[in-house]
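See below for model.tsv, which holds TSV, C-alpha atoms and all ligand atoms.
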chain	number	residue	atom	x	y	z
A	1	GLU	CA	21.67	108.61	5.72
A	2	GLN	CA	22.28	104.93	5.06
A	3	VAL	CA	24.23	103.23	7.84
A	4	PRO	CA	26.23	100.15	6.71
A	5	GLN	CA	24.10	97.05	7.34
A	6	PRO	CA	25.32	94.26	9.59
A	7	ALA	CA	26.40	91.13	7.73
A	8	GLY	CA	23.77	88.42	7.95
A	9	PRO	CA	21.73	85.85	6.02
A	10	LEU	CA	19.89	88.66	4.20
A	11	SER	CA	22.97	90.72	3.23
A	12	GLY	CA	22.40	92.33	-0.17
A	13	LYS	CA	18.62	91.74	-0.07
A	14	ARG	CA	16.33	94.76	-0.41
A	15	PHE	CA	13.07	94.84	1.56
A	16	VAL	CA	10.20	97.29	1.11
A	17	ILE	CA	7.67	97.21	3.96
A	18	THR	CA	4.40	99.15	4.27
A	19	ALA	CA	3.25	99.97	7.80
A	20	GLY	CA	0.74	101.92	9.84
A	21	PRO	CA	-2.68	103.28	8.94
A	22	THR	CA	-3.59	105.61	6.09
A	23	ARG	CA	-5.62	108.80	6.52
A	24	GLU	CA	-8.24	109.77	3.98
A	25	PRO	CA	-9.17	113.46	4.19
A	26	ILE	CA	-12.80	114.60	4.49
A	27	ASP	CA	-12.08	118.32	4.80
A	28	PRO	CA	-9.07	120.37	5.98
A	29	VAL	CA	-9.48	119.20	9.60
A	30	ARG	CA	-11.00	115.69	9.41
A	31	TYR	CA	-10.12	112.27	8.06
A	32	ILE	CA	-11.09	108.58	8.00
A	33	SER	CA	-8.52	106.22	9.50
A	34	ASN	CA	-8.12	103.18	11.78
A	35	HIS	CA	-6.34	102.08	14.98
A	36	SER	CA	-3.19	100.60	13.38
A	37	SER	CA	-0.09	101.48	15.42
A	38	GLY	CA	2.51	100.38	12.86
A	39	LYS	CA	4.25	98.26	15.52
A	40	MET	CA	4.25	94.99	13.54
A	41	GLY	CA	5.71	96.61	10.40
A	42	TYR	CA	8.37	98.49	12.36
A	43	ALA	CA	9.29	95.29	14.24
A	44	ILE	CA	9.70	93.44	10.91
A	45	ALA	CA	11.87	96.31	9.61
A	46	ARG	CA	14.16	95.97	12.66
A	47	ALA	CA	14.33	92.17	12.29
A	48	ALA	CA	15.18	92.44	8.57
A	49	VAL	CA	17.95	95.01	9.26
A	50	ALA	CA	19.34	92.74	12.01
A	51	ALA	CA	19.51	89.92	9.42
A	52	GLY	CA	21.50	92.18	7.06
A	53	ALA	CA	18.77	93.43	4.69
A	54	GLU	CA	18.51	96.95	3.26
A	55	VAL	CA	15.07	98.18	4.32
A	56	THR	CA	12.70	100.91	3.14
A	57	LEU	CA	9.59	101.50	5.27
A	58	VAL	CA	6.66	103.15	3.51
A	59	SER	CA	4.88	104.40	6.59
A	60	GLY	CA	1.52	105.97	7.26
A	61	PRO	CA	1.20	108.36	10.22
A	62	VAL	CA	2.47	106.61	13.37
A	63	THR	CA	4.08	107.78	16.61
A	64	LEU	CA	7.02	105.33	16.39
A	65	PRO	CA	10.62	106.49	15.87
A	66	ALA	CA	12.35	105.46	12.62
A	67	PRO	CA	14.24	102.21	13.31
A	68	GLU	CA	18.02	102.56	13.04
A	69	GLY	CA	19.40	101.80	9.59
A	70	VAL	CA	15.97	101.99	7.89
A	71	LYS	CA	14.96	104.45	5.17
A	72	VAL	CA	11.48	105.80	6.02
A	73	ARG	CA	9.18	107.24	3.34
A	74	SER	CA	6.28	108.94	5.11
A	75	VAL	CA	2.88	108.88	3.44
A	76	VAL	CA	-0.64	109.90	4.43
A	77	THR	CA	-3.27	108.49	2.06
A	78	ALA	CA	-3.71	105.08	0.37
A	79	GLU	CA	-2.95	106.73	-2.96
A	80	ASP	CA	0.34	108.14	-1.54
A	81	MET	CA	1.16	104.68	-0.19
A	82	LEU	CA	0.72	103.09	-3.62
A	83	GLN	CA	2.84	105.75	-5.30
A	84	ALA	CA	5.68	105.60	-2.75
A	85	SER	CA	5.65	101.77	-2.81
A	86	GLN	CA	5.80	101.64	-6.63
A	87	GLN	CA	8.71	104.09	-6.52
A	88	ALA	CA	10.58	102.12	-3.84
A	89	VAL	CA	10.05	98.80	-5.67
A	90	SER	CA	11.26	100.36	-8.93
A	91	GLU	CA	14.49	101.34	-7.18
A	92	GLY	CA	15.10	97.62	-6.50
A	93	CYS	CA	13.26	95.19	-4.25
A	94	ASP	CA	13.62	91.48	-3.48
A	95	VAL	CA	10.91	91.19	-0.82
A	96	PHE	CA	7.76	93.31	-0.39
A	97	ILE	CA	5.84	93.01	2.89
A	98	ALA	CA	2.48	94.77	3.31
A	99	THR	CA	1.65	95.23	6.99
A	100	ALA	CA	-0.20	98.53	6.52
A	101	ALA	CA	-3.86	98.87	7.46
A	102	VAL	CA	-4.89	100.71	4.32
A	103	ALA	CA	-8.29	102.42	4.28
A	104	ASP	CA	-10.34	100.49	1.73
A	105	TYR	CA	-12.35	103.62	0.79
A	106	ARG	CA	-11.74	107.37	0.70
A	107	PRO	CA	-14.16	110.29	0.51
A	108	GLN	CA	-14.96	110.95	-3.15
A	109	THR	CA	-13.99	114.59	-2.67
A	110	CYS	CA	-12.15	116.46	0.05
A	111	ALA	CA	-14.05	119.65	0.90
A	112	GLY	CA	-11.95	122.79	0.45
A	113	ASP	CA	-13.37	124.37	3.59
A	114	LYS	CA	-14.33	122.87	6.94
A	115	ILE	CA	-17.76	121.25	6.60
A	116	LYS	CA	-20.36	123.00	8.82
A	117	LYS	CA	-23.08	121.04	10.54
A	118	THR	CA	-26.50	121.74	9.09
A	119	ASN	CA	-28.90	118.80	9.05
A	120	ASP	CA	-29.54	116.06	11.63
A	121	GLU	CA	-28.06	113.54	9.24
A	122	MET	CA	-25.24	113.69	6.76
A	123	SER	CA	-23.61	111.15	4.51
A	124	LEU	CA	-20.29	110.90	2.75
A	125	SER	CA	-19.73	109.35	-0.66
A	126	LEU	CA	-16.79	106.96	-0.55
A	127	VAL	CA	-14.83	105.43	-3.43
A	128	ARG	CA	-12.51	102.40	-3.45
A	129	ASN	CA	-8.81	102.95	-2.82
A	130	PRO	CA	-6.11	101.26	-4.91
A	131	ASP	CA	-4.66	98.04	-3.47
A	132	THR	CA	-0.90	98.54	-3.01
A	133	LEU	CA	-0.11	94.89	-2.31
A	134	ALA	CA	-2.08	93.49	-5.26
A	135	THR	CA	-0.56	96.12	-7.57
A	136	ILE	CA	3.01	95.27	-6.54
A	137	ALA	CA	2.33	91.50	-6.81
A	138	ALA	CA	0.98	92.00	-10.37
A	139	ARG	CA	4.12	93.77	-11.64
A	140	PRO	CA	6.11	91.84	-14.25
A	141	ASP	CA	9.17	92.39	-12.00
A	142	ALA	CA	7.23	91.46	-8.83
A	143	PRO	CA	9.39	90.76	-5.77
A	144	PHE	CA	8.62	87.96	-3.27
A	145	THR	CA	5.37	89.38	-1.81
A	146	VAL	CA	4.02	88.87	1.69
A	147	GLY	CA	0.59	90.07	2.81
A	148	PHE	CA	-1.15	90.38	6.13
A	149	ALA	CA	-4.78	89.51	6.74
A	150	ALA	CA	-6.56	90.78	9.83
A	151	GLU	CA	-9.71	88.71	10.26
A	152	THR	CA	-12.31	88.09	12.97
A	153	THR	CA	-13.84	84.87	11.57
A	154	ASP	CA	-12.78	82.00	9.26
A	155	VAL	CA	-9.21	83.28	9.57
A	156	ALA	CA	-7.46	80.50	7.60
A	157	ARG	CA	-10.01	80.41	4.79
A	158	TYR	CA	-10.06	84.20	4.24
A	159	ALA	CA	-6.26	84.45	4.50
A	160	MET	CA	-5.57	81.69	1.98
A	161	ASP	CA	-8.20	83.18	-0.33
A	162	LYS	CA	-6.38	86.56	-0.16
A	163	MET	CA	-3.04	84.90	-0.89
A	164	GLN	CA	-4.47	83.32	-4.06
A	165	ARG	CA	-6.45	86.34	-5.22
A	166	LYS	CA	-3.55	88.77	-4.78
A	167	LYS	CA	-0.97	86.25	-6.11
A	168	LEU	CA	1.20	86.36	-2.97
A	169	GLN	CA	3.98	83.98	-1.97
A	170	MET	CA	3.04	84.17	1.71
A	171	ILE	CA	0.30	85.57	3.98
A	172	VAL	CA	0.33	86.28	7.70
A	173	ALA	CA	-3.09	85.80	9.26
A	174	ASN	CA	-4.00	87.70	12.35
A	175	ASP	CA	-7.09	86.82	14.43
A	176	VAL	CA	-8.07	90.30	15.63
A	177	SER	CA	-11.03	89.02	17.65
A	178	THR	CA	-8.68	88.07	20.54
A	179	PRO	CA	-8.57	90.89	23.15
A	180	GLY	CA	-5.05	92.20	23.91
A	181	LEU	CA	-3.50	90.88	20.69
A	182	GLY	CA	-2.89	92.54	17.32
A	183	PHE	CA	-4.05	96.11	16.70
A	184	ASN	CA	-2.22	98.58	18.96
A	185	SER	CA	-0.86	95.85	21.24
A	186	ASP	CA	2.80	94.86	21.81
A	187	GLN	CA	1.74	91.20	21.64
A	188	ASN	CA	0.47	89.21	18.71
A	189	ALA	CA	-0.29	85.68	17.55
A	190	VAL	CA	-0.29	84.83	13.85
A	191	THR	CA	-0.48	81.91	11.45
A	192	VAL	CA	1.70	82.13	8.36
A	193	PHE	CA	0.49	80.40	5.18
A	194	TRP	CA	2.40	79.64	2.00
A	195	PRO	CA	1.04	77.60	-0.92
A	196	ASN	CA	1.89	74.19	0.59
A	197	GLY	CA	2.38	74.77	4.30
A	198	GLN	CA	1.69	76.83	7.39
A	199	GLU	CA	3.19	77.72	10.77
A	200	SER	CA	1.64	79.31	13.86
A	201	ILE	CA	3.77	81.81	15.81
A	202	GLY	CA	2.99	83.15	19.30
A	203	PRO	CA	1.32	84.50	21.32
A	204	ASP	CA	4.59	86.41	21.74
A	205	SER	CA	6.01	89.92	21.49
A	206	LYS	CA	5.70	91.52	18.06
A	207	GLN	CA	9.52	91.71	17.93
A	208	ASN	CA	9.92	87.93	18.48
A	209	ILE	CA	7.18	87.21	15.94
A	210	ALA	CA	8.93	89.54	13.47
A	211	THR	CA	12.23	87.69	13.91
A	212	ARG	CA	10.60	84.32	13.14
A	213	LEU	CA	8.68	85.82	10.20
A	214	VAL	CA	11.86	87.21	8.68
A	215	ALA	CA	13.53	83.77	9.04
A	216	LEU	CA	10.58	82.14	7.24
A	217	ILE	CA	10.67	84.79	4.49
A	218	GLU	CA	14.41	84.25	4.07
A	219	GLU	CA	13.94	80.49	3.75
A	220	HIS	CA	11.02	80.71	1.28
A	221	SER	CA	12.34	83.58	-0.86
A	222	LYS	CA	15.61	81.68	-1.29
A	223	LYS	CA	13.62	78.74	-2.70
A	224	ALA	CA	11.80	81.15	-5.03
A	225	ASP	CA	15.19	82.38	-6.36
A	226	LYS	CA	15.70	78.85	-7.78
A	301	LIG	N1	-3.65	96.09	1.28
A	301	LIG	C1	-3.01	97.05	0.49
A	301	LIG	N2	-3.78	98.05	-0.07
A	301	LIG	C2	-5.09	98.13	0.14
A	301	LIG	C3	-5.74	97.17	0.96
A	301	LIG	C4	-4.97	96.16	1.53
A	301	LIG	O1	-1.79	96.98	0.27
A	301	LIG	N3	-5.79	99.12	-0.42
A	301	LIG	C5	-2.84	94.99	1.85
A	301	LIG	C6	-2.70	95.05	3.36
A	301	LIG	O2	-1.54	95.78	3.73
A	301	LIG	C7	-2.58	93.57	3.72
A	301	LIG	C8	-3.41	92.86	2.65
A	301	LIG	O3	-3.51	93.79	1.58
A	301	LIG	O4	-1.26	93.10	3.58
A	301	LIG	C9	-4.76	92.43	3.09
A	301	LIG	O5	-5.46	93.53	3.63
A	301	LIG	P1	-6.95	93.31	4.14
A	301	LIG	O6	-7.53	94.62	4.55
A	301	LIG	O7	-6.95	92.16	5.12
A	301	LIG	O8	-7.64	92.76	2.80
A	301	LIG	P2	-8.53	93.44	1.73
A	301	LIG	O9	-8.07	92.93	0.41
A	301	LIG	O10	-8.62	94.93	1.87
A	301	LIG	O11	-9.94	92.77	2.00
A	301	LIG	P3	-11.04	93.05	3.18
A	301	LIG	O12	-10.61	94.28	3.95
A	301	LIG	O13	-12.32	93.22	2.43
A	301	LIG	O14	-11.02	91.80	4.03
A	302	CA	CA	-9.12	96.01	3.85

Turn the structure described in the file into structure tokens.
Amino acid sequence: EQVPQPAGPLSGKRFVITAGPTREPIDPVRYISNHSSGKMGYAIARAAVAAGAEVTLVSGPVTLPAPEGVKVRSVVTAEDMLQASQQAVSEGCDVFIATAAVADYRPQTCAGDKIKKTNDEMSLSLVRNPDTLATIAARPDAPFTVGFAAETTDVARYAMDKMQRKKLQMIVANDVSTPGLGFNSDQNAVTVFWPNGQESIGPDSKQNIATRLVALIEEHSKKADK
């Protein structure tokens, strides 16, 4: 049920945010996934609601409670995430933020029965997953799109390259080589890039970083409105 949003600078703005990992099934009991906790995406959802936005979270499997005032669409696979995001954007979206750690590949087939061990070696055929963020950014009715880039080397170069390639308005670069920051942690440090500027935020709590990020998105999406 939709709780009335607090009045704020983002009143009337609709945000769609992807968060968490995806799971790509191998057989009925196994899957490929990653260590994403969803904390950054959920923190951004809370910050956007606090600023008055109407927020839909398209969330992979996480252990976090649904933030108050946020509509959560639960998904499992990368393909589900794309479908639920397209649906949510079609319902109306001003800002799309992709924080999810989407599995880049999925097993070509999911075995109907549990795979038994037989040989000393086994291999899985993997196929590329669809890119939710790039797909949303390529829509003719594309919202203001914000991506995340988790990198271990050449952080700025890779992040700016992703922003250009995926046609984003903003990208949040995360150096995941620093122990205790980023994946699964409550703390993070990021650098935000837009086409003609950048700002570093943190190290700080993910909630404080989210609040600053939402303020930057508000400022830059307002400019994009013309
Ligand atoms: N993303 C997405 N769908 C995918 C892959 C990524 O929506 N199938 C989004 C992520 O949520 C993130 C951004 O794209 O906002 C960048 O993700 P990242 O994994 O850093 O980039 P990739 O394009 O997958 O490139 P690579 O993993 O090879 O660095
Ligand atoms: Ca990737």

Find the residues of chain A that sit at most 10 Å from ligand CA 302 (chain A); for each, write down the nearest two atoms and how far apart they are in Å, to one decimal. Count all atoms listed in the file. Sort by chain, then by number going up, and give it as a Markdown table.
| residue | atom | partner | partner_atom | distance |
| --- | --- | --- | --- | --- |
| A:Ala100 | CA | A:CA302 | CA | 9.6 |
| A:Ala101 | CA | A:CA302 | CA | 7.0 |
| A:Val102 | CA | A:CA302 | CA | 6.3 |
| A:Ala103 | CA | A:CA302 | CA | 6.5 |
| A:Asp104 | CA | A:CA302 | CA | 5.1 |
| A:Tyr105 | CA | A:CA302 | CA | 8.8 |
| A:Asn129 | CA | A:CA302 | CA | 9.6 |
| A:Asp131 | CA | A:CA302 | CA | 8.8 |
| A:Ala149 | CA | A:CA302 | CA | 8.3 |
| A:Ala150 | CA | A:CA302 | CA | 8.3 |
| A:Glu151 | CA | A:CA302 | CA | 9.7 |

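If you measure from each of A:Ala137, A:Ile217, A:Leu10, A:Val155 to A:Met170 using all atoms listed in the file, the closest one turns out to be A:Ile217.
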
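Considering the residues A:Gly20, A:Gly69, A:Gly8, A:Pro107 and counting all atoms listed in the file, ligand LIG 301 (chain A) has its shortest atom-to-atom contact with A:Gly20.
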
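Among the candidates A:Thr178, A:Ser185, A:Gln207, A:Thr152, the residue lying nearest to ligand LIG 301 (chain A) is A:Thr152 (atoms considered: only C-alpha atoms and all ligand atoms).
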
Find the residues with any atom within 7 Å of (9.8, 90.5, 5.5); use all atoms listed in the file and the coordinates as given in the file, and write the answer as a VMD selection string.
-> chain A and resid 15 44 48 95 to 97 213 to 214 217

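Here atom CA of A:Gly197 and atom CA of A:Ile171 stand 11.0 Å from one another.
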
Which residues come within 9 Å of stretch 38-42 of chain A, counting only C-alpha atoms, excluding same-chain residues fewer than 3 positions away, as JSON, numbers by chain?
-> {"A": [17, 18, 19, 20, 21, 45, 46, 47, 57, 59, 60, 61, 62, 63, 64, 66, 67, 97, 98, 99, 100, 101, 182, 183, 184, 185, 186, 188, 206, 207, 209, 210]}

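The nearest approach to ligand LIG 301 (chain A) among the residues A:Ala138, A:Met163, A:Val76, A:Ile26, with all atoms listed in the file taken into account, belongs to A:Met163.
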
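Atom CA of A:Gln83 to atom CA of A:Tyr31 spans 19.7 Å [interatomic distance, one decimal].
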